[in-house]
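For reference, run.tsv is printed below; it contains TSV, C-alpha atoms.
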```tsv
chain	number	residue	atom	x	y	z
A	154	MET	CA	37.27	7.71	-12.63
A	155	ALA	CA	34.08	9.71	-13.00
A	156	GLY	CA	31.42	9.77	-10.34
A	157	ARG	CA	33.67	9.60	-7.27
A	158	MET	CA	33.22	11.83	-4.26
A	159	THR	CA	36.15	12.37	-1.94
A	160	SER	CA	35.92	12.21	1.82
A	161	ASP	CA	35.99	16.02	1.85
A	162	GLN	CA	32.34	15.98	0.83
A	163	PRO	CA	29.90	16.87	3.62
A	164	PRO	CA	28.03	13.97	5.17
A	165	GLY	CA	24.30	13.50	4.67
A	166	THR	CA	21.64	14.78	6.99
A	167	ALA	CA	19.12	12.76	8.97
A	168	GLU	CA	16.57	13.35	6.19
A	169	ASP	CA	19.12	12.58	3.45
A	170	PRO	CA	21.79	10.23	4.79
A	171	GLY	CA	23.90	10.57	1.63
A	172	GLY	CA	25.75	7.73	-0.03
A	173	PRO	CA	27.87	5.01	1.56
A	174	LEU	CA	31.52	5.42	2.47
A	175	ILE	CA	33.90	3.22	0.45
A	176	VAL	CA	37.32	2.57	1.93
A	177	THR	CA	39.80	0.94	-0.44
A	178	GLU	CA	43.01	1.58	-2.36
A	179	ASP	CA	42.31	-1.18	-4.87
A	180	ASP	CA	41.20	0.63	-8.03
A	181	THR	CA	39.70	-2.49	-9.57
A	182	LEU	CA	37.61	-3.15	-6.47
A	183	LEU	CA	36.67	0.52	-6.34
A	184	ASP	CA	35.40	0.43	-9.92
A	185	ASP	CA	33.18	-2.54	-9.01
A	186	LEU	CA	31.83	-0.78	-5.92
A	187	LEU	CA	31.13	2.45	-7.81
A	188	ARG	CA	29.18	0.46	-10.38
A	189	LEU	CA	27.11	-1.21	-7.63
A	190	CYS	CA	26.43	2.13	-5.97
A	191	ALA	CA	25.20	3.48	-9.31
A	192	ALA	CA	22.90	0.47	-9.64
A	193	ALA	CA	21.50	1.33	-6.19
A	194	GLY	CA	20.91	4.91	-7.30
A	195	THR	CA	23.49	6.66	-5.12
A	196	THR	CA	26.93	8.28	-5.30
A	197	PRO	CA	29.40	7.21	-2.59
A	198	GLU	CA	32.06	9.01	-0.63
A	199	VAL	CA	35.49	7.46	-1.22
A	200	ALA	CA	38.37	7.42	1.25
A	201	ARG	CA	41.78	5.82	1.14
A	202	GLY	CA	42.61	3.52	4.02
A	203	GLY	CA	44.28	5.97	6.38
A	204	ALA	CA	41.92	8.82	5.55
A	205	ALA	CA	38.89	6.92	6.81
A	206	ARG	CA	40.26	6.91	10.35
A	207	SER	CA	41.69	10.41	10.32
A	208	ARG	CA	38.48	11.91	8.95
A	209	GLY	CA	36.15	10.38	11.46
A	210	ARG	CA	33.13	12.45	10.42
A	211	GLY	CA	32.55	10.32	7.30
A	212	TRP	CA	33.18	7.08	9.15
A	213	ALA	CA	30.68	7.95	11.86
A	214	SER	CA	27.95	9.53	9.73
A	215	ALA	CA	27.80	7.45	6.54
A	216	PRO	CA	24.70	5.24	6.35
A	217	LEU	CA	26.92	2.30	5.33
A	218	VAL	CA	30.68	1.70	5.25
A	219	ILE	CA	32.11	-0.68	2.65
A	220	VAL	CA	35.68	-1.66	3.48
A	221	GLY	CA	37.95	-3.37	0.98
A	222	ASP	CA	40.02	-6.27	2.31
A	223	ASP	CA	43.17	-4.33	1.32
A	224	CYS	CA	42.44	-1.57	3.87
A	225	ALA	CA	40.68	-3.57	6.57
A	226	PRO	CA	43.79	-4.33	8.72
A	227	ARG	CA	44.46	-0.60	9.16
A	228	LEU	CA	40.88	0.07	10.30
A	229	CYS	CA	40.60	-2.49	13.07
A	230	GLY	CA	41.22	0.19	15.67
A	231	ALA	CA	38.55	2.54	14.31
A	232	ALA	CA	35.53	3.39	16.44
A	233	ARG	CA	32.93	0.63	16.34
A	234	ARG	CA	29.75	1.36	14.42
A	235	ASP	CA	26.87	-0.52	12.84
A	236	GLY	CA	26.62	-0.96	9.09
A	237	VAL	CA	30.12	-2.07	8.09
A	238	VAL	CA	30.60	-4.58	5.25
A	239	LEU	CA	33.96	-6.17	4.44
A	240	VAL	CA	34.38	-6.81	0.72
A	241	ALA	CA	36.94	-8.70	-1.36
A	242	ARG	CA	37.16	-9.58	-5.05
A	243	GLY	CA	37.05	-13.25	-5.94
A	244	ALA	CA	38.44	-14.34	-2.59
A	245	ASP	CA	37.46	-17.10	-0.22
A	246	GLU	CA	35.43	-15.38	2.50
A	247	ARG	CA	36.48	-17.69	5.33
A	248	PRO	CA	40.01	-16.31	5.93
A	249	LEU	CA	38.46	-12.84	6.30
A	250	TRP	CA	36.08	-13.72	9.13
A	251	GLN	CA	38.64	-13.09	11.87
A	252	LEU	CA	39.40	-9.69	10.33
A	253	ALA	CA	35.67	-8.97	10.16
A	254	VAL	CA	35.33	-9.69	13.88
A	255	ALA	CA	38.14	-7.25	14.68
A	256	LEU	CA	36.56	-4.64	12.40
A	257	GLY	CA	33.05	-5.17	13.73
A	258	ALA	CA	31.71	-5.91	10.23
A	259	GLU	CA	28.16	-7.22	9.88
A	260	ARG	CA	29.09	-9.31	6.85
A	261	VAL	CA	31.96	-10.58	4.71
A	262	LEU	CA	31.25	-10.49	0.99
A	263	ALA	CA	33.13	-11.83	-2.03
A	264	LEU	CA	32.47	-10.25	-5.42
A	265	PRO	CA	31.07	-10.87	-7.95
A	266	GLY	CA	28.93	-13.49	-6.20
A	267	GLY	CA	27.57	-11.07	-3.59
A	268	GLU	CA	26.78	-8.18	-5.93
A	269	SER	CA	22.99	-8.51	-5.83
A	270	TRP	CA	22.96	-8.57	-2.01
A	271	LEU	CA	25.28	-5.56	-1.81
A	272	VAL	CA	23.15	-3.47	-4.21
A	273	ASP	CA	20.11	-4.13	-2.01
A	274	ARG	CA	22.09	-3.35	1.17
A	275	ILE	CA	23.35	-0.07	-0.26
A	276	ALA	CA	19.87	0.97	-1.37
A	277	ASP	CA	18.42	0.06	2.03
A	278	ALA	CA	21.04	2.14	3.80
A	279	VAL	CA	20.53	5.16	1.55
A	280	GLU	CA	16.75	4.95	1.98
A	281	GLY	CA	17.28	4.87	5.73
A	282	ALA	CA	15.53	1.51	5.93
A	283	GLY	CA	14.40	0.50	9.41
A	284	PRO	CA	12.01	-2.26	10.46
A	285	ALA	CA	9.79	-3.49	7.66
A	286	ALA	CA	6.17	-2.40	7.66
A	287	VAL	CA	3.59	-4.50	9.44
A	288	THR	CA	1.90	-5.98	6.39
A	289	VAL	CA	-1.71	-7.15	6.49
A	290	GLY	CA	-3.59	-8.94	3.72
A	291	VAL	CA	-7.38	-8.90	3.61
A	292	VAL	CA	-9.39	-11.38	1.54
A	293	GLY	CA	-13.09	-12.15	1.38
A	294	GLY	CA	-14.05	-15.68	2.29
A	295	SER	CA	-16.97	-15.37	-0.13
A	296	GLY	CA	-18.22	-12.90	-2.68
A	297	GLY	CA	-19.48	-9.66	-1.17
A	298	ALA	CA	-17.88	-10.31	2.21
A	299	GLY	CA	-16.68	-6.72	2.55
A	300	ALA	CA	-12.92	-7.36	2.35
A	301	SER	CA	-12.19	-4.22	0.32
A	302	THR	CA	-14.13	-2.07	2.77
A	303	LEU	CA	-12.21	-3.56	5.69
A	304	ALA	CA	-8.87	-3.11	3.89
A	305	CYS	CA	-9.63	0.58	3.39
A	306	ALA	CA	-10.75	0.95	7.01
A	307	LEU	CA	-7.56	-0.68	8.30
A	308	ALA	CA	-5.44	1.66	6.17
A	309	VAL	CA	-7.41	4.73	7.27
A	310	THR	CA	-7.13	3.84	10.95
A	311	ALA	CA	-3.42	3.09	10.59
A	312	ALA	CA	-2.83	6.50	9.01
A	313	ARG	CA	-4.93	8.21	11.69
A	314	GLY	CA	-2.64	6.56	14.22
A	315	HIS	CA	0.28	8.47	12.62
A	316	ARG	CA	1.71	5.42	10.88
A	317	ARG	CA	3.20	5.74	7.41
A	318	THR	CA	0.61	3.74	5.45
A	319	ILE	CA	0.41	2.30	1.94
A	320	LEU	CA	-2.78	0.60	0.72
A	321	ILE	CA	-2.29	-1.81	-2.20
A	322	ASP	CA	-5.20	-2.94	-4.37
A	323	ALA	CA	-4.19	-6.40	-5.60
A	324	ASP	CA	-7.62	-7.19	-7.03
A	325	PRO	CA	-7.83	-5.93	-10.64
A	326	LEU	CA	-11.52	-6.88	-10.84
A	327	GLY	CA	-12.55	-5.15	-7.62
A	328	GLY	CA	-13.46	-1.77	-9.10
A	329	GLY	CA	-10.56	0.17	-7.60
A	330	LEU	CA	-9.88	1.15	-4.00
A	331	ASP	CA	-9.27	4.71	-5.11
A	332	VAL	CA	-12.95	4.81	-6.12
A	333	LEU	CA	-14.00	3.44	-2.73
A	334	LEU	CA	-11.91	6.18	-1.10
A	335	GLY	CA	-13.32	8.87	-3.39
A	336	GLY	CA	-10.00	9.56	-5.09
A	337	GLU	CA	-10.32	8.17	-8.60
A	338	LYS	CA	-9.47	11.60	-10.04
A	339	GLU	CA	-6.41	12.16	-7.85
A	340	GLU	CA	-3.10	12.39	-9.69
A	341	GLY	CA	-0.56	9.63	-9.23
A	342	LEU	CA	0.52	6.33	-10.68
A	343	ARG	CA	-1.67	3.23	-10.85
A	344	TRP	CA	-0.81	-0.45	-11.31
A	345	PRO	CA	-0.25	-0.39	-15.09
A	346	ALA	CA	2.73	1.93	-14.54
A	347	PHE	CA	4.41	-0.79	-12.45
A	348	ALA	CA	3.55	-3.79	-14.64
A	349	GLU	CA	7.09	-4.02	-16.04
A	350	SER	CA	8.81	-3.67	-12.66
A	351	ARG	CA	11.57	-6.19	-12.07
A	352	GLY	CA	14.19	-6.56	-9.37
A	353	ARG	CA	14.18	-3.67	-6.95
A	354	VAL	CA	11.79	-0.69	-6.82
A	355	ALA	CA	12.92	2.26	-4.70
A	356	GLY	CA	10.56	2.53	-1.71
A	357	CYS	CA	10.73	6.32	-1.50
A	358	ALA	CA	10.05	6.76	-5.22
A	359	LEU	CA	7.11	4.34	-5.03
A	360	GLU	CA	5.53	6.16	-2.11
A	361	GLU	CA	5.92	9.60	-3.63
A	362	SER	CA	4.47	8.50	-6.97
A	363	LEU	CA	1.17	7.21	-5.56
A	364	PRO	CA	-2.03	9.21	-5.01
A	365	ARG	CA	-2.35	10.56	-1.47
A	366	LEU	CA	-5.82	10.03	-0.02
A	367	HIS	CA	-6.88	10.53	3.60
A	368	SER	CA	-3.24	10.75	4.82
A	369	LEU	CA	-2.20	7.48	3.16
A	370	ARG	CA	-0.81	6.38	-0.19
A	371	VAL	CA	-2.93	4.18	-2.46
A	372	LEU	CA	-1.83	1.89	-5.29
A	373	SER	CA	-4.97	1.04	-7.24
A	374	TRP	CA	-6.09	0.56	-10.84
A	375	ASP	CA	-6.77	2.98	-13.63
A	376	ARG	CA	-9.90	2.75	-15.72
A	377	GLY	CA	-8.15	0.81	-18.50
A	378	ASP	CA	-8.45	-2.83	-19.50
A	379	ALA	CA	-5.38	-4.23	-17.70
A	380	VAL	CA	-6.38	-7.04	-15.34
A	381	VAL	CA	-3.08	-8.80	-14.64
A	382	ILE	CA	-0.25	-8.07	-12.22
A	383	PRO	CA	2.92	-9.94	-13.25
A	384	PRO	CA	4.33	-11.89	-10.30
A	385	GLN	CA	7.69	-10.11	-10.54
A	386	ALA	CA	5.98	-6.72	-10.36
A	387	MET	CA	3.93	-7.77	-7.34
A	388	ARG	CA	7.05	-9.00	-5.56
A	389	ALA	CA	9.02	-5.81	-6.30
A	390	VAL	CA	6.24	-3.37	-5.40
A	391	VAL	CA	5.22	-5.04	-2.14
A	392	ALA	CA	8.88	-5.32	-1.08
A	393	ALA	CA	9.39	-1.61	-1.78
A	394	ALA	CA	6.29	-0.67	0.20
A	395	ARG	CA	7.39	-2.81	3.15
A	396	ARG	CA	10.82	-1.18	3.23
A	397	ARG	CA	9.18	2.19	3.96
A	398	GLY	CA	8.07	0.92	7.37
A	399	GLY	CA	4.80	1.69	9.12
A	400	ALA	CA	1.83	-0.26	7.78
A	401	VAL	CA	1.03	-1.87	4.44
A	402	VAL	CA	-2.50	-3.16	3.80
A	403	ILE	CA	-3.17	-5.35	0.75
A	404	ASP	CA	-6.65	-6.02	-0.59
A	405	LEU	CA	-6.40	-9.52	-2.08
A	406	PRO	CA	-8.59	-11.17	-4.71
A	407	ARG	CA	-10.28	-14.48	-4.02
A	408	ARG	CA	-8.34	-16.24	-6.77
A	409	LEU	CA	-4.88	-17.53	-5.88
A	410	ASP	CA	-2.58	-16.99	-8.85
A	411	ASP	CA	1.21	-16.54	-8.96
A	412	ALA	CA	1.00	-12.79	-8.30
A	413	VAL	CA	-1.19	-13.31	-5.23
A	414	ALA	CA	1.26	-15.95	-3.98
A	415	GLU	CA	4.05	-13.36	-4.23
A	416	ALA	CA	2.00	-10.94	-2.13
A	417	LEU	CA	1.09	-13.61	0.44
A	418	ALA	CA	4.77	-14.48	0.86
A	419	GLN	CA	5.44	-10.97	2.20
A	420	ILE	CA	2.36	-10.60	4.40
A	421	ASP	CA	2.63	-10.88	8.19
A	422	VAL	CA	-1.05	-11.38	9.04
A	423	GLY	CA	-3.91	-12.45	6.79
A	424	LEU	CA	-7.51	-11.57	7.61
A	425	LEU	CA	-10.22	-13.75	6.12
A	426	VAL	CA	-13.54	-11.87	6.15
A	427	VAL	CA	-16.44	-14.28	6.56
A	428	PRO	CA	-20.15	-13.36	6.75
A	429	ALA	CA	-21.96	-15.22	9.52
A	430	ASP	CA	-23.83	-17.76	7.40
A	431	LEU	CA	-23.22	-21.39	6.47
A	432	ARG	CA	-22.80	-20.93	2.74
A	433	ALA	CA	-20.12	-18.28	3.23
A	434	ILE	CA	-18.31	-20.52	5.70
A	435	ALA	CA	-18.18	-23.36	3.18
A	436	ALA	CA	-16.67	-21.06	0.56
A	437	ALA	CA	-14.23	-19.57	3.06
A	438	ARG	CA	-12.97	-22.98	4.11
A	439	ARG	CA	-11.81	-23.81	0.58
A	440	LEU	CA	-10.14	-20.44	0.16
A	441	ALA	CA	-8.42	-20.61	3.55
A	442	ALA	CA	-6.80	-23.94	2.65
A	443	GLY	CA	-5.11	-22.36	-0.36
A	444	VAL	CA	-4.03	-19.20	1.44
A	445	ARG	CA	-2.45	-21.12	4.31
A	446	THR	CA	-0.12	-23.00	1.96
A	447	VAL	CA	1.77	-19.69	1.60
A	448	LEU	CA	0.74	-17.61	4.64
A	449	PRO	CA	0.67	-19.44	7.99
A	450	ASP	CA	-0.89	-16.62	10.05
A	451	VAL	CA	-4.46	-16.37	8.81
A	452	ARG	CA	-7.19	-15.12	11.16
A	453	VAL	CA	-10.95	-14.91	10.79
A	454	VAL	CA	-12.96	-11.70	10.86
A	455	VAL	CA	-16.66	-12.53	11.24
A	456	ARG	CA	-18.84	-9.88	9.61
A	457	ASP	CA	-22.37	-9.35	10.86
A	458	GLY	CA	-25.18	-8.64	8.43
A	459	PRO	CA	-27.95	-6.03	8.59
A	460	GLU	CA	-30.25	-8.51	10.31
A	461	THR	CA	-27.86	-8.60	13.30
A	462	ASP	CA	-27.88	-4.81	13.48
A	463	ALA	CA	-31.69	-4.96	13.55
A	464	GLY	CA	-31.66	-7.30	16.53
A	465	GLY	CA	-31.60	-10.63	14.73
A	466	THR	CA	-29.47	-13.58	15.81
A	467	PRO	CA	-26.75	-14.93	13.48
A	468	GLU	CA	-26.79	-18.61	12.55
A	469	LEU	CA	-23.46	-19.23	14.30
A	470	SER	CA	-21.36	-17.35	16.83
A	471	PRO	CA	-17.96	-15.94	15.79
A	472	GLU	CA	-16.22	-18.54	17.96
A	473	GLU	CA	-18.11	-21.36	16.26
A	474	ILE	CA	-17.25	-20.03	12.82
A	475	ALA	CA	-13.55	-19.80	13.70
A	476	ARG	CA	-13.66	-23.35	15.04
A	477	LEU	CA	-15.30	-24.67	11.87
A	478	LEU	CA	-12.61	-23.00	9.78
A	479	GLY	CA	-9.81	-24.16	12.05
A	480	LEU	CA	-8.45	-20.61	12.32
A	481	PRO	CA	-7.97	-18.14	15.18
A	482	LEU	CA	-10.58	-15.43	15.57
A	483	ALA	CA	-9.34	-11.89	14.89
A	484	GLY	CA	-12.64	-10.34	15.90
A	485	GLU	CA	-16.22	-9.61	14.97
A	486	LEU	CA	-17.08	-6.75	12.64
A	487	GLY	CA	-20.47	-5.23	13.24
A	488	TRP	CA	-22.73	-3.99	10.47
A	489	GLU	CA	-22.22	-0.27	9.69
A	490	ALA	CA	-25.60	0.91	8.50
A	491	GLY	CA	-24.50	4.46	7.66
A	492	LEU	CA	-21.55	3.44	5.48
A	493	PRO	CA	-23.22	3.88	2.04
A	494	ALA	CA	-24.28	7.41	2.94
A	495	ASP	CA	-20.79	8.18	4.27
A	496	LEU	CA	-19.19	6.98	1.04
A	497	ARG	CA	-21.48	9.17	-1.03
A	498	ARG	CA	-20.34	12.17	1.05
A	499	GLY	CA	-16.68	11.25	0.55
A	500	VAL	CA	-16.18	9.89	4.07
A	501	PRO	CA	-13.91	6.82	3.78
A	502	PRO	CA	-14.42	3.49	5.57
A	503	GLY	CA	-13.00	3.68	9.08
A	504	ALA	CA	-13.43	7.43	9.44
A	505	ASN	CA	-16.68	7.34	11.43
A	506	ALA	CA	-15.52	7.65	15.03
A	507	ARG	CA	-18.49	5.64	16.31
A	508	GLY	CA	-18.56	3.07	13.54
A	509	PRO	CA	-17.62	-0.62	13.88
A	510	LEU	CA	-14.96	-0.30	11.17
A	511	ARG	CA	-13.12	2.42	13.10
A	512	HIS	CA	-13.41	0.45	16.33
A	513	PHE	CA	-12.17	-2.78	14.75
A	514	GLY	CA	-9.27	-1.06	12.96
A	515	GLY	CA	-8.06	0.80	16.04
A	516	ALA	CA	-8.20	-2.31	18.21
A	517	PHE	CA	-6.47	-4.39	15.53
A	518	TRP	CA	-3.45	-2.09	15.22
A	519	GLU	CA	-3.13	-1.70	18.99
A	520	ARG	CA	-2.95	-5.46	19.27
A	521	VAL	CA	-1.01	-6.60	16.20
A	522	VAL	CA	1.81	-4.02	16.18
A	523	PRO	CA	3.14	-4.92	19.66
A	524	GLN	CA	2.85	-8.61	18.72
A	525	ARG	CA	4.95	-7.99	15.62
A	526	GLU	CA	7.54	-5.95	17.54
A	527	ARG	CA	7.91	-8.72	20.12
A	528	ALA	CA	8.33	-11.31	17.36
A	529	VAL	CA	10.99	-9.23	15.59
A	530	GLU	CA	12.88	-8.70	18.84
A	531	GLU	CA	12.83	-12.43	19.53
A	532	VAL	CA	14.23	-13.15	16.06
A	533	ARG	CA	17.01	-10.64	16.66
A	534	ARG	CA	17.86	-12.19	20.01
A	535	SER	CA	17.91	-15.66	18.48
A	536	ALA	CA	20.16	-14.46	15.69
A	537	GLY	CA	22.46	-12.85	18.21
A	538	ARG	CA	22.74	-16.11	20.14
A	539	GLY	CA	23.36	-18.16	17.03
A	540	VAL	CA	25.77	-16.00	14.99
A	541	GLY	CA	29.23	-14.85	15.89
A	542	ALA	CA	30.19	-11.22	16.21
A	543	GLY	CA	31.66	-11.10	12.71
A	544	GLY	CA	28.53	-12.35	10.99
A	545	GLY	CA	28.32	-15.06	8.44
A	546	SER	CA	28.47	-15.14	4.68
A	547	SER	CA	25.07	-16.59	3.99
```
Could you write out this structure as structure tokens?
Amino acid sequence: MAGRMTSDQPPGTAEDPGGPLIVTEDDTLLDDLLRLCAAAGTTPEVARGGAARSRGRGWASAPLVIVGDDCAPRLCGAARRDGVVLVARGADERPLWQLAVALGAERVLALPGGESWLVDRIADAVEGAGPAAVTVGVVGGSGGAGASTLACALAVTAARGHRRTILIDADPLGGGLDVLLGGEKEEGLRWPAFAESRGRVAGCALEESLPRLHSLRVLSWDRGDAVVIPPQAMRAVVAAARRRGGAVVIDLPRRLDDAVAEALAQIDVGLLVVPADLRAIAAARRLAAGVRTVLPDVRVVVRDGPETDAGGTPELSPEEIARLLGLPLAGELGWEAGLPADLRRGVPPGANARGPLRHFGGAFWERVVPQRERAVEEVRRSAGRGVGAGGGSS
């Protein structure tokens, strides 16, 4: 059968973990697994049952080990490791659970029903997927609230904090975040290239294809007439960006269509930017109601106007605005008088060390990332308390 690698092949490196290790003597099952590896864009190492234990280098170093039920009994004494999946063809998974516990498998899978999950798991392993990116959505509570500027500033400050960062422009009518960042002429793919995306997009390929501006990657719009992101494309692209880890910032439009709902479903924290005046608050309240049907964690960013910078007093305090909206307060964003001049000189939002955007962005990431890490750890602990050592088949 073409496309097989034997266990004599060298293992992958830390930068390139190589393909998964398949352990089976069932040629029919092997053909299925090779096909799924091809769908995930990788070529596996293949070992017969006894060889997997005797050649421990592949067993220890492969990013994922897929064990056929025919060979599993002989591997129960192998060294324990993470990333082992026990696979059978057309079998009832339940009788295999005890074997999975002895093997230390994370999951028992019956084919063909579990094929889609296994393709994703293989691709994740080959990409070296770790914790998903902290994903932040920014939306203006009213027109001209400054949401795009804040989204850029958050991405710039995340990248300056040495986080892998992808900025996604989900507003086709916003003029293009690449323009705001001074990179409209930079080479790289824009949204129209991803309009037909379905299923899974490789995170590494996505990141490398995008323009690199100010130490971050930006997915924006070209200067064409396309104004629609299909929901399936939004789902696939955001999922791929999240798998790369670090930070993902999404600039959201004020309309809530199916594509925006797909983005909201993958966002951890939403920031609603609201100018400190009554009319803007009324508009923001209606928008917030729609956003919260999909994204529970929505917080208010109160933006000061130029009159506040000049010593004027806003109509309402940030705390009062948050109370009127029924949302927690993420913070107050001061007016940055020098921003237009900075943008003309090619200085992006959030780059001015003394500016309110830089201060807000730095404080936001210092606060929200530890919160996210604690939440993820709690989920893991809860899962560990609720699931047996062999894993389930959900």
Nearby residues (all atoms listed in the file) at most 9 Å from Val279 in chain A, same-chain spacing under 6 positions excluded, as an MDAnalysis selection string
chainID A and resid 169:173 193:195 216:217
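Across A:Arg353, A:His367, A:Arg233, A:Arg396, the tightest approach to Gly281 in chain A is made by A:Arg396 when counting all atoms listed in the file.
The residue that comes closest to Ala276 in chain A, out of A:Gly257, A:Pro384, A:Pro523, A:Gly356 and on the basis of all atoms listed in the file, is A:Gly356.
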Using only C-alpha atoms, determine which residues lie at most 12 Å from Ala416 in chain A, disregarding the query and same-chain residues fewer than 2 positions distant; provide the list as a ChimeraX atom specification.
/A:288-292,321-324,382-395,401-406,409-414,418-423,444,447-448
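From CA of Val500 in chain A back to CA of Leu363 in chain A, the distance works out to 20.0 Å.
Proximity to Arg511 in chain A was assessed for A:Ala192, A:Arg438, A:Arg313, A:Pro481 counting all atoms listed in the file; the smallest distance is recorded for A:Arg313.
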If we count only C-alpha atoms and set the cut-off at 12 Å, which residues sit around Arg432 in chain A, ignoring sequence neighbours fewer than 4 positions away in its own chain? Please answer as a PDB file with C-alpha atoms, in the frame of the given file.
```
ATOM      1  CA  GLY A 294     -14.050 -15.680   2.290  1.00  0.00           C
ATOM      2  CA  SER A 295     -16.970 -15.370  -0.130  1.00  0.00           C
ATOM      3  CA  GLY A 296     -18.220 -12.900  -2.680  1.00  0.00           C
ATOM      4  CA  ALA A 298     -17.880 -10.310   2.210  1.00  0.00           C
ATOM      5  CA  VAL A 427     -16.440 -14.280   6.560  1.00  0.00           C
ATOM      6  CA  PRO A 428     -20.150 -13.360   6.750  1.00  0.00           C
ATOM      7  CA  ALA A 436     -16.670 -21.060   0.560  1.00  0.00           C
ATOM      8  CA  ALA A 437     -14.230 -19.570   3.060  1.00  0.00           C
ATOM      9  CA  ARG A 438     -12.970 -22.980   4.110  1.00  0.00           C
ATOM     10  CA  ARG A 439     -11.810 -23.810   0.580  1.00  0.00           C
ATOM     11  CA  GLU A 468     -26.790 -18.610  12.550  1.00  0.00           C
ATOM     12  CA  LEU A 469     -23.460 -19.230  14.300  1.00  0.00           C
ATOM     13  CA  ILE A 474     -17.250 -20.030  12.820  1.00  0.00           C
TER      14      ILE A 474
END
```
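Nearest residue to Ala442 in chain A, choosing from A:Gly479, A:Gly484, A:Gly499, A:Gly328 and counting all atoms listed in the file: A:Gly479.
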My list of candidates is A:Glu198, A:Asp185, A:Glu340, A:Asp450. Which is closest to Leu271 in chain A when distances are computed with all atoms listed in the file?
A:Asp185
With 3 Å added on each side, what axis-aligned box encloses every listed atom of range 478-482 of chain A? Give the centre and edge lengths in Å to one decimal, as AutoDock Vina command-line options.
```
--center_x -10.3 --center_y -19.8 --center_z 12.7 --size_x 10.6 --size_y 14.7 --size_z 11.8
```
From CA of Ala241 in chain A to CA of Leu264 in chain A the spacing works out at 6.2 Å
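The protein and nucleic acid residues lying at most 9 Å from Asp375 in chain A are Gly329, Glu337, Leu342, Arg343, Trp344, Pro345 and Ala379 of chain A, with all atoms listed in the file considered and sequence neighbours fewer than 4 positions away removed.
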